[in-house]
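*Asks:* Contents are compact mmCIF, C-alpha atoms; file name upload-v8.txt:
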```txt
# COMPACT_ATOMS: atom_id res chain seq x y z
CA MET D 679 -15.07 -18.88 1.56
CA ARG D 680 -16.88 -17.72 4.68
CA GLN D 681 -20.61 -17.54 4.10
CA ASP D 682 -21.04 -14.11 5.68
CA VAL D 683 -18.25 -12.63 3.56
CA ALA D 684 -19.59 -14.20 0.36
CA ARG D 685 -23.16 -13.09 1.10
CA ASN D 686 -22.18 -9.49 1.83
CA PHE D 687 -20.05 -9.43 -1.31
CA GLU D 688 -22.90 -10.58 -3.54
CA GLU D 689 -25.18 -7.90 -2.15
CA ALA D 690 -22.51 -5.26 -2.68
CA LYS D 691 -21.98 -6.45 -6.26
CA LYS D 692 -25.66 -5.90 -6.98
CA LEU D 693 -25.53 -2.32 -5.73
CA TYR D 694 -22.41 -1.45 -7.68
CA GLY D 695 -23.69 -3.32 -10.70
CA GLN D 696 -26.65 -0.95 -10.92
CA HIS D 697 -24.14 1.70 -11.92
CA GLY D 698 -22.34 -0.50 -14.44
CA ILE D 699 -19.41 -1.17 -12.09
CA ASP D 700 -17.85 -4.60 -12.71
CA VAL D 701 -16.60 -5.55 -9.25
CA ASP D 702 -14.94 -8.79 -10.34
CA GLN D 703 -12.92 -6.97 -13.00
CA ILE D 704 -11.90 -4.34 -10.49
CA LEU D 705 -10.57 -6.98 -8.10
CA THR D 706 -8.56 -8.53 -10.92
CA GLU D 707 -7.05 -5.12 -11.66
CA LEU D 708 -6.37 -4.46 -7.98
CA GLU D 709 -4.42 -7.67 -7.63
CA ARG D 710 -1.93 -6.45 -10.26
CA ILE D 711 -1.03 -3.32 -8.26
CA LYS D 712 2.22 -3.55 -6.30
CA ILE D 713 2.89 -1.39 -3.27
CA SER D 714 6.55 -0.88 -2.37
CA ILE D 715 6.78 -1.51 1.38
CA HIS D 716 9.63 0.34 3.07
CA CYS D 717 11.96 -1.81 5.14
CA TRP D 718 12.97 1.01 7.48
CA GLN D 719 9.72 0.90 9.48
CA GLY D 720 10.97 -2.39 10.95
CA ASP D 721 14.07 -1.07 12.69
CA ASP D 722 13.54 2.69 13.05
CA VAL D 723 15.82 3.61 10.11
CA ARG D 724 18.93 2.20 11.79
CA GLY D 725 20.14 -0.08 9.01
CA PHE D 726 23.03 -2.52 9.43
CA LEU D 727 26.12 -0.75 8.09
CA PHE D 728 26.47 1.95 10.76
CA ARG D 729 24.18 0.97 13.62
CA ASP D 730 25.99 3.25 16.09
CA GLN D 731 25.51 6.31 13.88
CA ASP D 732 22.88 8.76 15.07
CA LEU D 733 20.05 9.63 12.71
CA SER D 734 20.58 12.84 10.78
CA GLY D 735 19.20 14.65 7.77
CA GLY D 736 16.14 15.83 9.65
CA ILE D 737 15.02 12.26 10.31
CA SER D 738 13.58 11.44 13.71
CA VAL D 739 11.91 8.30 15.01
CA THR D 740 10.06 8.51 18.31
CA GLY D 741 8.91 5.77 20.65
CA GLU D 742 10.45 2.73 22.34
CA TYR D 743 8.08 -0.09 21.44
CA PRO D 744 9.92 -3.40 21.99
CA GLY D 745 10.95 -5.77 19.24
CA ALA D 746 12.73 -3.69 16.61
CA ALA D 747 14.69 -5.83 14.15
CA GLU D 748 18.41 -5.92 14.93
CA THR D 749 19.67 -8.15 12.10
CA PRO D 750 18.84 -8.63 8.43
CA ASP D 751 17.30 -12.03 9.16
CA GLN D 752 15.04 -10.54 11.83
CA LEU D 753 13.95 -7.76 9.51
CA ARG D 754 13.17 -10.20 6.71
CA ALA D 755 11.19 -12.40 9.09
CA ASP D 756 9.17 -9.38 10.23
CA LEU D 757 8.52 -8.37 6.63
CA GLU D 758 7.36 -11.91 5.84
CA LYS D 759 4.85 -11.73 8.67
CA ALA D 760 3.56 -8.37 7.45
CA LEU D 761 3.35 -9.54 3.83
CA SER D 762 1.33 -12.57 4.91
CA LEU D 763 -1.34 -10.21 6.26
CA ILE D 764 -1.56 -7.94 3.22
CA PRO D 765 -3.53 -9.02 0.12
CA GLY D 766 -1.63 -9.15 -3.17
CA SER D 767 2.01 -9.53 -4.24
CA HIS D 768 4.12 -6.47 -3.57
CA LYS D 769 7.68 -5.12 -3.36
CA VAL D 770 10.09 -4.21 -0.57
CA ASN D 771 11.99 -0.93 -0.62
CA LEU D 772 15.57 -0.96 0.72
CA HIS D 773 17.94 1.80 1.73
CA ALA D 774 21.66 1.34 1.13
CA ILE D 775 22.38 1.08 4.86
CA TYR D 776 20.50 -2.25 4.87
CA ALA D 777 23.36 -4.07 3.17
CA ASP D 778 23.75 -7.58 4.56
CA THR D 779 27.50 -8.14 4.76
CA ASP D 780 30.29 -8.94 7.19
CA GLU D 781 32.66 -6.69 5.25
CA SER D 782 33.65 -3.27 6.49
CA VAL D 783 32.40 -1.28 3.52
CA ASP D 784 31.53 2.37 3.07
CA LEU D 785 28.62 3.67 1.03
CA ASP D 786 30.67 4.54 -2.03
CA GLN D 787 32.03 0.97 -2.18
CA LEU D 788 28.74 -0.90 -2.10
CA GLU D 789 28.14 -3.58 -4.73
CA PRO D 790 25.30 -5.95 -5.59
CA LYS D 791 27.04 -8.73 -3.66
CA HIS D 792 26.38 -6.86 -0.42
CA PHE D 793 22.64 -7.33 -1.03
CA GLN D 794 22.66 -10.88 -2.36
CA SER D 795 20.79 -12.24 0.65
CA TRP D 796 18.00 -9.73 -0.05
CA VAL D 797 17.83 -10.83 -3.68
CA ASP D 798 17.72 -14.52 -2.70
CA TRP D 799 14.99 -13.79 -0.18
CA ALA D 800 12.97 -11.75 -2.67
CA LYS D 801 13.14 -14.62 -5.14
CA GLU D 802 11.82 -17.00 -2.50
CA GLN D 803 8.98 -14.60 -1.69
CA GLY D 804 8.18 -13.85 -5.32
CA ILE D 805 8.47 -10.10 -4.77
CA GLY D 806 10.43 -7.21 -6.28
CA LEU D 807 12.89 -4.82 -4.64
CA ASP D 808 13.27 -1.04 -4.88
CA PHE D 809 16.30 0.91 -3.70
CA ASN D 810 17.54 4.20 -2.27
CA PRO D 811 21.02 5.61 -1.71
CA THR D 812 21.39 6.64 1.94
CA CYS D 813 22.56 10.25 1.94
CA PHE D 814 22.19 10.81 5.68
CA SER D 815 23.36 9.43 9.05
CA HIS D 816 27.01 9.44 7.95
CA ASP D 817 30.12 11.38 8.92
CA LYS D 818 30.26 12.93 5.46
CA SER D 819 26.72 14.31 5.78
CA LYS D 820 26.98 15.73 9.29
CA ASP D 821 27.18 19.36 8.12
CA GLY D 822 23.93 18.98 6.19
CA PHE D 823 25.25 18.75 2.63
CA THR D 824 25.95 15.82 0.29
CA LEU D 825 25.51 16.04 -3.49
CA SER D 826 25.58 19.85 -3.32
CA HIS D 827 28.53 20.03 -0.94
CA ALA D 828 31.06 22.80 -1.62
CA ASP D 829 33.95 20.39 -0.95
CA PRO D 830 34.59 18.47 -4.21
CA ALA D 831 35.94 15.42 -2.36
CA ILE D 832 32.87 15.05 -0.17
CA ARG D 833 30.60 15.69 -3.12
CA GLN D 834 32.40 13.00 -5.12
CA PHE D 835 31.90 10.50 -2.30
CA TRP D 836 28.14 10.96 -2.55
CA ILE D 837 28.21 10.91 -6.34
CA ASP D 838 30.03 7.58 -6.23
CA HIS D 839 27.53 6.26 -3.69
CA CYS D 840 24.60 7.15 -5.93
CA LYS D 841 26.33 5.60 -8.94
CA ALA D 842 26.83 2.40 -6.96
CA SER D 843 23.17 2.50 -5.89
CA ARG D 844 21.96 2.64 -9.49
CA ARG D 845 24.03 -0.44 -10.34
CA ILE D 846 22.60 -2.25 -7.32
CA GLY D 847 19.10 -1.29 -8.41
CA ALA D 848 19.78 -2.59 -11.91
CA TYR D 849 20.98 -5.87 -10.42
CA PHE D 850 17.76 -6.17 -8.45
CA GLY D 851 15.69 -5.63 -11.57
CA GLU D 852 17.67 -8.06 -13.68
CA GLN D 853 17.69 -10.81 -11.08
CA LEU D 854 14.06 -10.50 -10.02
CA GLY D 855 12.45 -9.69 -13.35
CA GLN D 856 10.73 -6.67 -11.81
CA THR D 857 11.93 -3.15 -12.54
CA CYS D 858 13.63 -1.54 -9.56
CA VAL D 859 12.98 2.13 -8.82
CA THR D 860 16.09 3.79 -7.36
CA ASN D 861 15.12 7.04 -5.69
CA ILE D 862 17.56 9.81 -4.76
CA TRP D 863 16.76 12.09 -1.84
CA VAL D 864 19.33 14.31 -0.14
CA PRO D 865 18.84 16.46 2.99
CA ASP D 866 20.99 19.35 1.73
CA GLY D 867 20.02 22.79 2.95
CA TYR D 868 20.51 25.66 5.38
CA LYS D 869 18.95 26.25 8.77
CA ASP D 870 18.89 30.01 8.21
CA MET D 871 18.59 32.26 5.17
CA PRO D 872 21.37 31.72 2.62
CA VAL D 873 22.97 34.43 0.53
CA ASP D 874 23.53 32.20 -2.49
CA ARG D 875 20.66 29.91 -3.43
CA MET D 876 21.96 29.24 -6.92
CA ALA D 877 25.42 27.75 -6.33
CA PRO D 878 24.29 24.72 -4.28
CA ARG D 879 21.62 23.95 -6.88
CA GLN D 880 24.17 24.19 -9.67
CA ARG D 881 26.39 21.73 -7.79
CA LEU D 882 23.42 19.41 -7.23
CA LYS D 883 22.54 19.54 -10.92
CA ASP D 884 26.13 18.78 -11.91
CA SER D 885 26.25 15.88 -9.45
CA LEU D 886 23.04 14.40 -10.80
CA ASP D 887 24.30 14.76 -14.36
CA GLU D 888 27.41 12.75 -13.46
CA ILE D 889 25.38 10.13 -11.57
CA PHE D 890 23.00 9.55 -14.48
CA ALA D 891 25.69 9.63 -17.19
CA GLU D 892 26.02 5.85 -17.04
CA GLU D 893 23.31 4.30 -19.19
CA ILE D 894 21.32 1.57 -17.44
CA ASN D 895 18.61 -0.55 -18.99
CA PRO D 896 15.29 1.00 -17.91
CA GLU D 897 13.75 -2.47 -17.83
CA TRP D 898 15.99 -3.15 -14.86
CA ASN D 899 16.21 0.24 -13.14
CA LEU D 900 14.27 3.51 -13.21
CA ASP D 901 15.71 6.64 -11.61
CA ALA D 902 13.67 8.96 -9.41
CA VAL D 903 14.43 12.25 -7.66
CA GLU D 904 12.63 13.45 -4.53
CA SER D 905 12.08 16.99 -3.26
CA LYS D 906 11.30 18.43 0.14
CA LEU D 907 9.98 21.77 1.37
CA PHE D 908 12.05 21.87 4.57
CA GLY D 909 13.66 19.64 7.14
CA LEU D 910 15.02 19.83 10.66
CA GLY D 911 18.21 21.79 10.18
CA SER D 912 17.15 23.00 6.72
CA GLU D 913 14.15 25.10 7.67
CA ALA D 914 15.10 28.12 5.57
CA TYR D 915 16.38 26.53 2.37
CA VAL D 916 16.41 23.11 0.76
CA VAL D 917 18.62 22.70 -2.28
CA GLY D 918 16.44 19.98 -3.83
CA SER D 919 13.16 21.86 -3.87
CA HIS D 920 10.05 20.74 -5.75
CA GLU D 921 10.70 23.25 -8.49
CA PHE D 922 14.30 22.08 -8.88
CA TYR D 923 13.44 18.41 -9.20
CA MET D 924 10.37 19.00 -11.30
CA GLY D 925 12.50 20.85 -13.82
CA TYR D 926 15.32 18.33 -13.63
CA GLY D 927 13.03 15.32 -13.90
CA ILE D 928 11.09 16.63 -16.88
CA ARG D 929 14.20 17.71 -18.77
CA ASN D 930 16.12 14.49 -18.09
CA ASN D 931 13.26 11.99 -18.20
CA LYS D 932 13.50 10.92 -14.57
CA LEU D 933 10.65 9.93 -12.31
CA ILE D 934 9.61 12.76 -10.02
CA CYS D 935 8.86 11.54 -6.52
CA LEU D 936 6.01 13.20 -4.67
CA ASP D 937 6.11 12.53 -0.93
CA ALA D 938 2.89 13.36 0.91
CA GLY D 939 4.86 14.87 3.78
CA HIS D 940 7.27 17.03 1.82
CA PHE D 941 5.05 19.99 1.00
CA HIS D 942 3.19 22.72 2.89
CA PRO D 943 0.98 21.27 5.66
CA THR D 944 -2.20 22.20 3.77
CA GLU D 945 -0.86 21.23 0.33
CA SER D 946 -2.08 17.96 -1.18
CA ILE D 947 0.04 15.99 -3.60
CA ALA D 948 -3.15 14.55 -5.12
CA GLY D 949 -3.72 17.74 -7.09
CA LYS D 950 -0.23 17.58 -8.59
CA LEU D 951 -0.60 14.16 -10.20
CA SER D 952 -2.61 15.11 -13.26
CA SER D 953 -0.31 18.05 -14.02
CA LEU D 954 2.94 16.10 -13.81
CA ALA D 955 1.47 13.16 -15.70
CA LEU D 956 1.03 15.37 -18.77
CA PHE D 957 4.76 16.03 -19.00
CA THR D 958 6.38 12.84 -17.69
CA ASP D 959 6.44 9.15 -18.56
CA GLY D 960 5.89 8.09 -14.98
CA LEU D 961 5.63 9.13 -11.35
CA LEU D 962 6.81 7.90 -7.97
CA LEU D 963 4.68 8.37 -4.87
CA HIS D 964 5.79 8.15 -1.27
CA VAL D 965 2.58 7.74 0.69
CA SER D 966 3.00 9.07 4.19
CA ARG D 967 1.01 11.06 6.74
CA PRO D 968 2.46 14.34 7.95
CA MET D 969 1.10 15.74 11.17
CA ARG D 970 1.97 19.45 11.30
CA TRP D 971 5.33 18.63 9.70
CA ASP D 972 7.01 15.77 7.85
CA SER D 973 6.54 13.44 10.80
CA ASP D 974 5.86 10.30 8.75
CA HIS D 975 2.94 8.94 10.74
CA VAL D 976 1.41 5.60 9.75
CA VAL D 977 -0.91 5.99 6.76
CA ILE D 978 -4.60 6.04 7.66
CA MET D 979 -7.73 6.24 5.51
CA ASP D 980 -7.94 10.03 5.63
CA ASP D 981 -8.99 12.59 3.05
CA GLU D 982 -5.48 12.90 1.61
CA LEU D 983 -5.12 9.18 0.97
CA THR D 984 -8.64 9.00 -0.46
CA GLU D 985 -7.91 11.84 -2.90
CA ILE D 986 -4.61 10.29 -3.97
CA GLY D 987 -6.46 7.07 -4.79
CA ARG D 988 -9.14 8.94 -6.70
CA GLU D 989 -6.66 10.92 -8.79
CA LEU D 990 -4.76 7.78 -9.74
CA VAL D 991 -7.93 5.95 -10.72
CA ARG D 992 -9.89 8.77 -12.34
CA ASN D 993 -6.97 9.80 -14.54
CA HIS D 994 -5.84 6.26 -15.43
CA LEU D 995 -2.44 6.80 -13.83
CA LEU D 996 -1.96 3.49 -12.06
CA ASP D 997 -0.03 1.97 -14.95
CA VAL D 998 2.54 4.78 -14.90
CA THR D 999 2.75 5.39 -11.15
CA HIS D 1000 5.02 3.58 -8.70
CA ILE D 1001 3.49 3.62 -5.24
CA GLY D 1002 5.73 3.34 -2.21
CA LEU D 1003 5.22 3.89 1.51
CA ASP D 1004 7.37 6.06 3.75
CA PHE D 1005 6.57 6.24 7.45
CA PHE D 1006 8.19 5.07 10.67
CA ASP D 1007 6.65 4.86 14.11
CA ALA D 1008 8.40 3.31 17.07
CA SER D 1009 5.51 3.93 19.46
CA ILE D 1010 3.44 0.99 18.16
CA ASN D 1011 4.07 -2.55 16.95
CA ARG D 1012 6.17 -2.08 13.83
CA ILE D 1013 4.62 -4.98 11.92
CA ALA D 1014 1.16 -3.61 12.67
CA ALA D 1015 2.30 -0.27 11.25
CA TRP D 1016 3.25 -1.94 7.96
CA VAL D 1017 -0.04 -3.82 7.80
CA ILE D 1018 -2.22 -0.82 8.66
CA GLY D 1019 -0.49 1.51 6.22
CA THR D 1020 -0.32 -0.90 3.31
CA ARG D 1021 -3.86 -2.24 3.68
CA ASN D 1022 -5.16 1.32 3.86
CA THR D 1023 -3.32 2.29 0.69
CA ILE D 1024 -4.82 -0.64 -1.18
CA LYS D 1025 -8.25 0.12 0.29
CA ALA D 1026 -8.05 3.69 -1.01
CA LEU D 1027 -7.38 2.42 -4.52
CA LEU D 1028 -10.23 -0.08 -4.29
CA ARG D 1029 -12.63 2.55 -3.01
CA ALA D 1030 -11.70 4.86 -5.89
CA LYS D 1031 -12.22 2.07 -8.41
CA LEU D 1032 -15.70 1.44 -7.00
CA GLU D 1033 -16.94 4.88 -7.98
CA PRO D 1034 -18.98 5.57 -11.16
CA VAL D 1035 -16.12 7.58 -12.66
CA ASP D 1036 -17.47 7.76 -16.21
CA ARG D 1037 -20.87 8.98 -15.04
CA LEU D 1038 -19.28 11.55 -12.75
CA LYS D 1039 -17.10 12.86 -15.56
CA GLN D 1040 -20.08 13.09 -17.89
CA ALA D 1041 -22.12 15.01 -15.33
CA GLU D 1042 -19.23 17.41 -14.87
CA LEU D 1043 -18.82 17.88 -18.62
CA GLU D 1044 -22.53 18.70 -18.92
CA GLY D 1045 -22.35 21.19 -16.07
CA ASP D 1046 -24.56 19.02 -13.88
CA TYR D 1047 -22.68 19.70 -10.69
CA THR D 1048 -25.67 18.65 -8.60
CA THR D 1049 -25.40 15.07 -9.84
CA ARG D 1050 -21.62 15.17 -9.46
CA LEU D 1051 -21.86 16.17 -5.80
CA ALA D 1052 -24.79 13.92 -4.98
CA LEU D 1053 -23.22 10.75 -6.40
CA THR D 1054 -19.81 11.49 -4.95
CA GLU D 1055 -21.33 11.84 -1.51
CA GLU D 1056 -23.69 8.86 -1.74
CA PHE D 1057 -20.91 6.53 -2.83
CA LYS D 1058 -19.00 7.32 0.33
CA SER D 1059 -21.45 5.06 2.17
CA TYR D 1060 -21.64 2.30 -0.44
CA PRO D 1061 -20.43 -1.07 0.92
CA PHE D 1062 -16.86 -1.08 -0.37
CA GLY D 1063 -15.90 -2.78 2.91
CA ALA D 1064 -17.81 -5.89 1.86
CA VAL D 1065 -15.79 -5.97 -1.37
CA TRP D 1066 -12.56 -5.48 0.58
CA ASP D 1067 -13.42 -8.35 2.96
CA TYR D 1068 -14.08 -10.65 -0.02
CA TYR D 1069 -10.80 -9.60 -1.63
CA CYS D 1070 -8.85 -10.41 1.54
CA GLU D 1071 -10.65 -13.74 1.98
CA ARG D 1072 -10.07 -14.69 -1.66
CA LEU D 1073 -6.33 -13.97 -1.41
CA GLY D 1074 -5.95 -15.85 1.85
CA VAL D 1075 -5.27 -13.02 4.28
CA PRO D 1076 -7.23 -12.15 7.42
CA VAL D 1077 -10.53 -10.33 7.06
CA ARG D 1078 -11.01 -7.02 8.87
CA GLU D 1079 -9.15 -6.76 12.20
CA GLU D 1080 -8.52 -10.51 12.45
CA TRP D 1081 -4.90 -9.87 11.40
CA LEU D 1082 -4.24 -8.12 14.71
CA SER D 1083 -4.36 -11.34 16.73
CA GLU D 1084 -1.65 -12.83 14.49
CA VAL D 1085 0.55 -9.78 15.03
CA LYS D 1086 -0.01 -9.92 18.79
CA GLN D 1087 0.90 -13.62 18.84
CA TYR D 1088 4.04 -12.94 16.79
CA GLU D 1089 4.91 -10.22 19.25
CA GLN D 1090 4.70 -12.70 22.14
CA ASP D 1091 6.52 -15.50 20.32
CA VAL D 1092 9.23 -13.47 18.57
CA LEU D 1093 9.47 -9.74 19.15
CA LEU D 1094 9.46 -9.70 22.97
CA LYS D 1095 12.21 -12.36 23.06
CA ARG D 1096 14.72 -10.18 21.22
```
Now that the file is in, can you turn its structure into structure tokens?

*Replies:*
Amino acid sequence: MRQDVARNFEEAKKLYGQHGIDVDQILTELERIKISIHCWQGDDVRGFLFRDQDLSGGISVTGEYPGAAETPDQLRADLEKALSLIPGSHKVNLHAIYADTDESVDLDQLEPKHFQSWVDWAKEQGIGLDFNPTCFSHDKSKDGFTLSHADPAIRQFWIDHCKASRRIGAYFGEQLGQTCVTNIWVPDGYKDMPVDRMAPRQRLKDSLDEIFAEEINPEWNLDAVESKLFGLGSEAYVVGSHEFYMGYGIRNNKLICLDAGHFHPTESIAGKLSSLALFTDGLLLHVSRPMRWDSDHVVIMDDELTEIGRELVRNHLLDVTHIGLDFFDASINRIAAWVIGTRNTIKALLRAKLEPVDRLKQAELEGDYTTRLALTEEFKSYPFGAVWDYYCERLGVPVREEWLSEVKQYEQDVLLKR
């Protein structure tokens, strides 16, 4: 243990201890939290099944930074490097297009065997896997509709794909001993005002009912559904709105996914957590950073992330919330993007845990809003960074920005040679 890190930590412990905050216990709790790190940051959402297919579904990745992964082995190596720079043991989130196979296979024909290399790798790394059907960037999604498509044959293709995805997710959970969350998002919607808003939603509901009809052990796989306010090409109407999925998820006991970029630009998902938690058994978060629209910028320590962390901690929701990341930036080093976003997400949770929550709640209950505001503001400058540095040092990852030199060296040795 570095002397400066240990010394700063002990001083920070004394300050927090004055408020009854057990820093050591908090770090033990933090180590149990798993962040699901999205694989698609590493190759700009290209995948390996249809690499010549243009991105669709309102998804856009900008930038031409060198070194994007071009094979499953390259992507796994990049993820290993990122994971080595992030404290804790986490999960990796896969999309269906990341199947690792030499077979010519379409999405509705995918099986667990097409992801066996990912399972073997996850076992070696001691991590879990999450999963997503890929309902975009495909010939059968080019008109903007999938599970709500008016053509029964096309709709059935996507139903079968989602069924296959649930079975793959269950295989992940069974093999790895960590529950897989399989999240369904579809880009379905109209660019301009529709006449009939009901019929596509009825078709989507019917499709979901058929997809979820097969019973799967929830210890292996949990289902989630994800809404969106609008997308490129679906500016006027999205079939899978927040209201649709909130109703469907509550009625059918499915996880409701809240993506930080899928709501109005000034709307925070943090305020939704306590409401949904009262009516559901669990939640799924996609932590992202929208900038004027759902642009999926790398997560930074901004007000939104801070409030998400606070809501999870203050309302004791960490045990029932699955936290995943969802951003992609091709204008910077892709491994650095993973590291920055994931470390910031963990930092936000740590910072929230290092607040005197019980005292703040008591002051609020007593109507002492002066104390509530004063303590909330003063704790913003408490030395949580010293606790974070100690946590990183204790778990054997670089302290502060020291990780950047490792990423730069990896860029020279590996990424620029691709």

*Asks:* Show me, as a PDB file with C-alpha atoms, keeping the file's coordinate frame, the residues that have an atom within 6 Å of region 862-878 of chain D when counting all atoms listed in the file, minus same-chain residues fewer than 2 positions from it.

*Replies:*
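Generated output (part.pdb):
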```
ATOM      1  CA  GLY D 735      19.200  14.650   7.770  1.00  0.00           C
ATOM      2  CA  CYS D 813      22.560  10.250   1.940  1.00  0.00           C
ATOM      3  CA  GLY D 822      23.930  18.980   6.190  1.00  0.00           C
ATOM      4  CA  PHE D 823      25.250  18.750   2.630  1.00  0.00           C
ATOM      5  CA  SER D 826      25.580  19.850  -3.320  1.00  0.00           C
ATOM      6  CA  GLN D 880      24.170  24.190  -9.670  1.00  0.00           C
ATOM      7  CA  ARG D 881      26.390  21.730  -7.790  1.00  0.00           C
ATOM      8  CA  VAL D 903      14.430  12.250  -7.660  1.00  0.00           C
ATOM      9  CA  GLU D 904      12.630  13.450  -4.530  1.00  0.00           C
ATOM     10  CA  GLY D 911      18.210  21.790  10.180  1.00  0.00           C
ATOM     11  CA  SER D 912      17.150  23.000   6.720  1.00  0.00           C
ATOM     12  CA  GLU D 913      14.150  25.100   7.670  1.00  0.00           C
ATOM     13  CA  ALA D 914      15.100  28.120   5.570  1.00  0.00           C
ATOM     14  CA  TYR D 915      16.380  26.530   2.370  1.00  0.00           C
ATOM     15  CA  VAL D 916      16.410  23.110   0.760  1.00  0.00           C
ATOM     16  CA  VAL D 917      18.620  22.700  -2.280  1.00  0.00           C
TER      17      VAL D 917
END
```

*Asks:* For Ile894 (chain D), which of D:Gln1040, D:Ser919, D:Ser1083, D:Thr860 is the closest residue, counting only C-alpha atoms?

*Replies:*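 Distance minimum relative to Ile894 (chain D) lands on D:Thr860.
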
*Asks:* How many Å separate CA of Leu1094 (chain D) from CA of Pro744 (chain D)?

*Replies:*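 Distance between the two atoms: 6.4 Å.
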
*Asks:* So that I can see what lies close to region 689-705 of chain D, please list as a PyMOL selection string the residues with an atom at most 12 Å from it, counting all atoms listed in the file and leaving out residues fewer than 5 positions away in the same chain.

*Replies:* chain D and resi 682-684+710-711+765-766+991+1024-1025+1027-1038+1053+1056-1057+1059-1070+1072-1073

*Asks:* Name the residues in contact with Cys858 (chain D) at a cut-off of 8 Å, using only C-alpha atoms, excluding same-chain residues fewer than 3 positions from it; report them as a PDB file with C-alpha atoms, keeping the file's coordinate frame.

*Replies:*
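Writing done, so here's part-v4.pdb:
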```
ATOM      1  CA  GLY D 806      10.430  -7.210  -6.280  1.00  0.00           C
ATOM      2  CA  LEU D 807      12.890  -4.820  -4.640  1.00  0.00           C
ATOM      3  CA  ASP D 808      13.270  -1.040  -4.880  1.00  0.00           C
ATOM      4  CA  PHE D 809      16.300   0.910  -3.700  1.00  0.00           C
ATOM      5  CA  GLY D 847      19.100  -1.290  -8.410  1.00  0.00           C
ATOM      6  CA  ALA D 848      19.780  -2.590 -11.910  1.00  0.00           C
ATOM      7  CA  PHE D 850      17.760  -6.170  -8.450  1.00  0.00           C
ATOM      8  CA  GLY D 851      15.690  -5.630 -11.570  1.00  0.00           C
ATOM      9  CA  TRP D 898      15.990  -3.150 -14.860  1.00  0.00           C
ATOM     10  CA  ASN D 899      16.210   0.240 -13.140  1.00  0.00           C
ATOM     11  CA  LEU D 900      14.270   3.510 -13.210  1.00  0.00           C
TER      12      LEU D 900
END
```

*Asks:* Taking all atoms listed in the file into account, name the residue in D:Glu921, D:Phe1005, D:Ser843, D:Glu1042 that is nearest to Thr1054 (chain D).

*Replies:* D:Glu1042
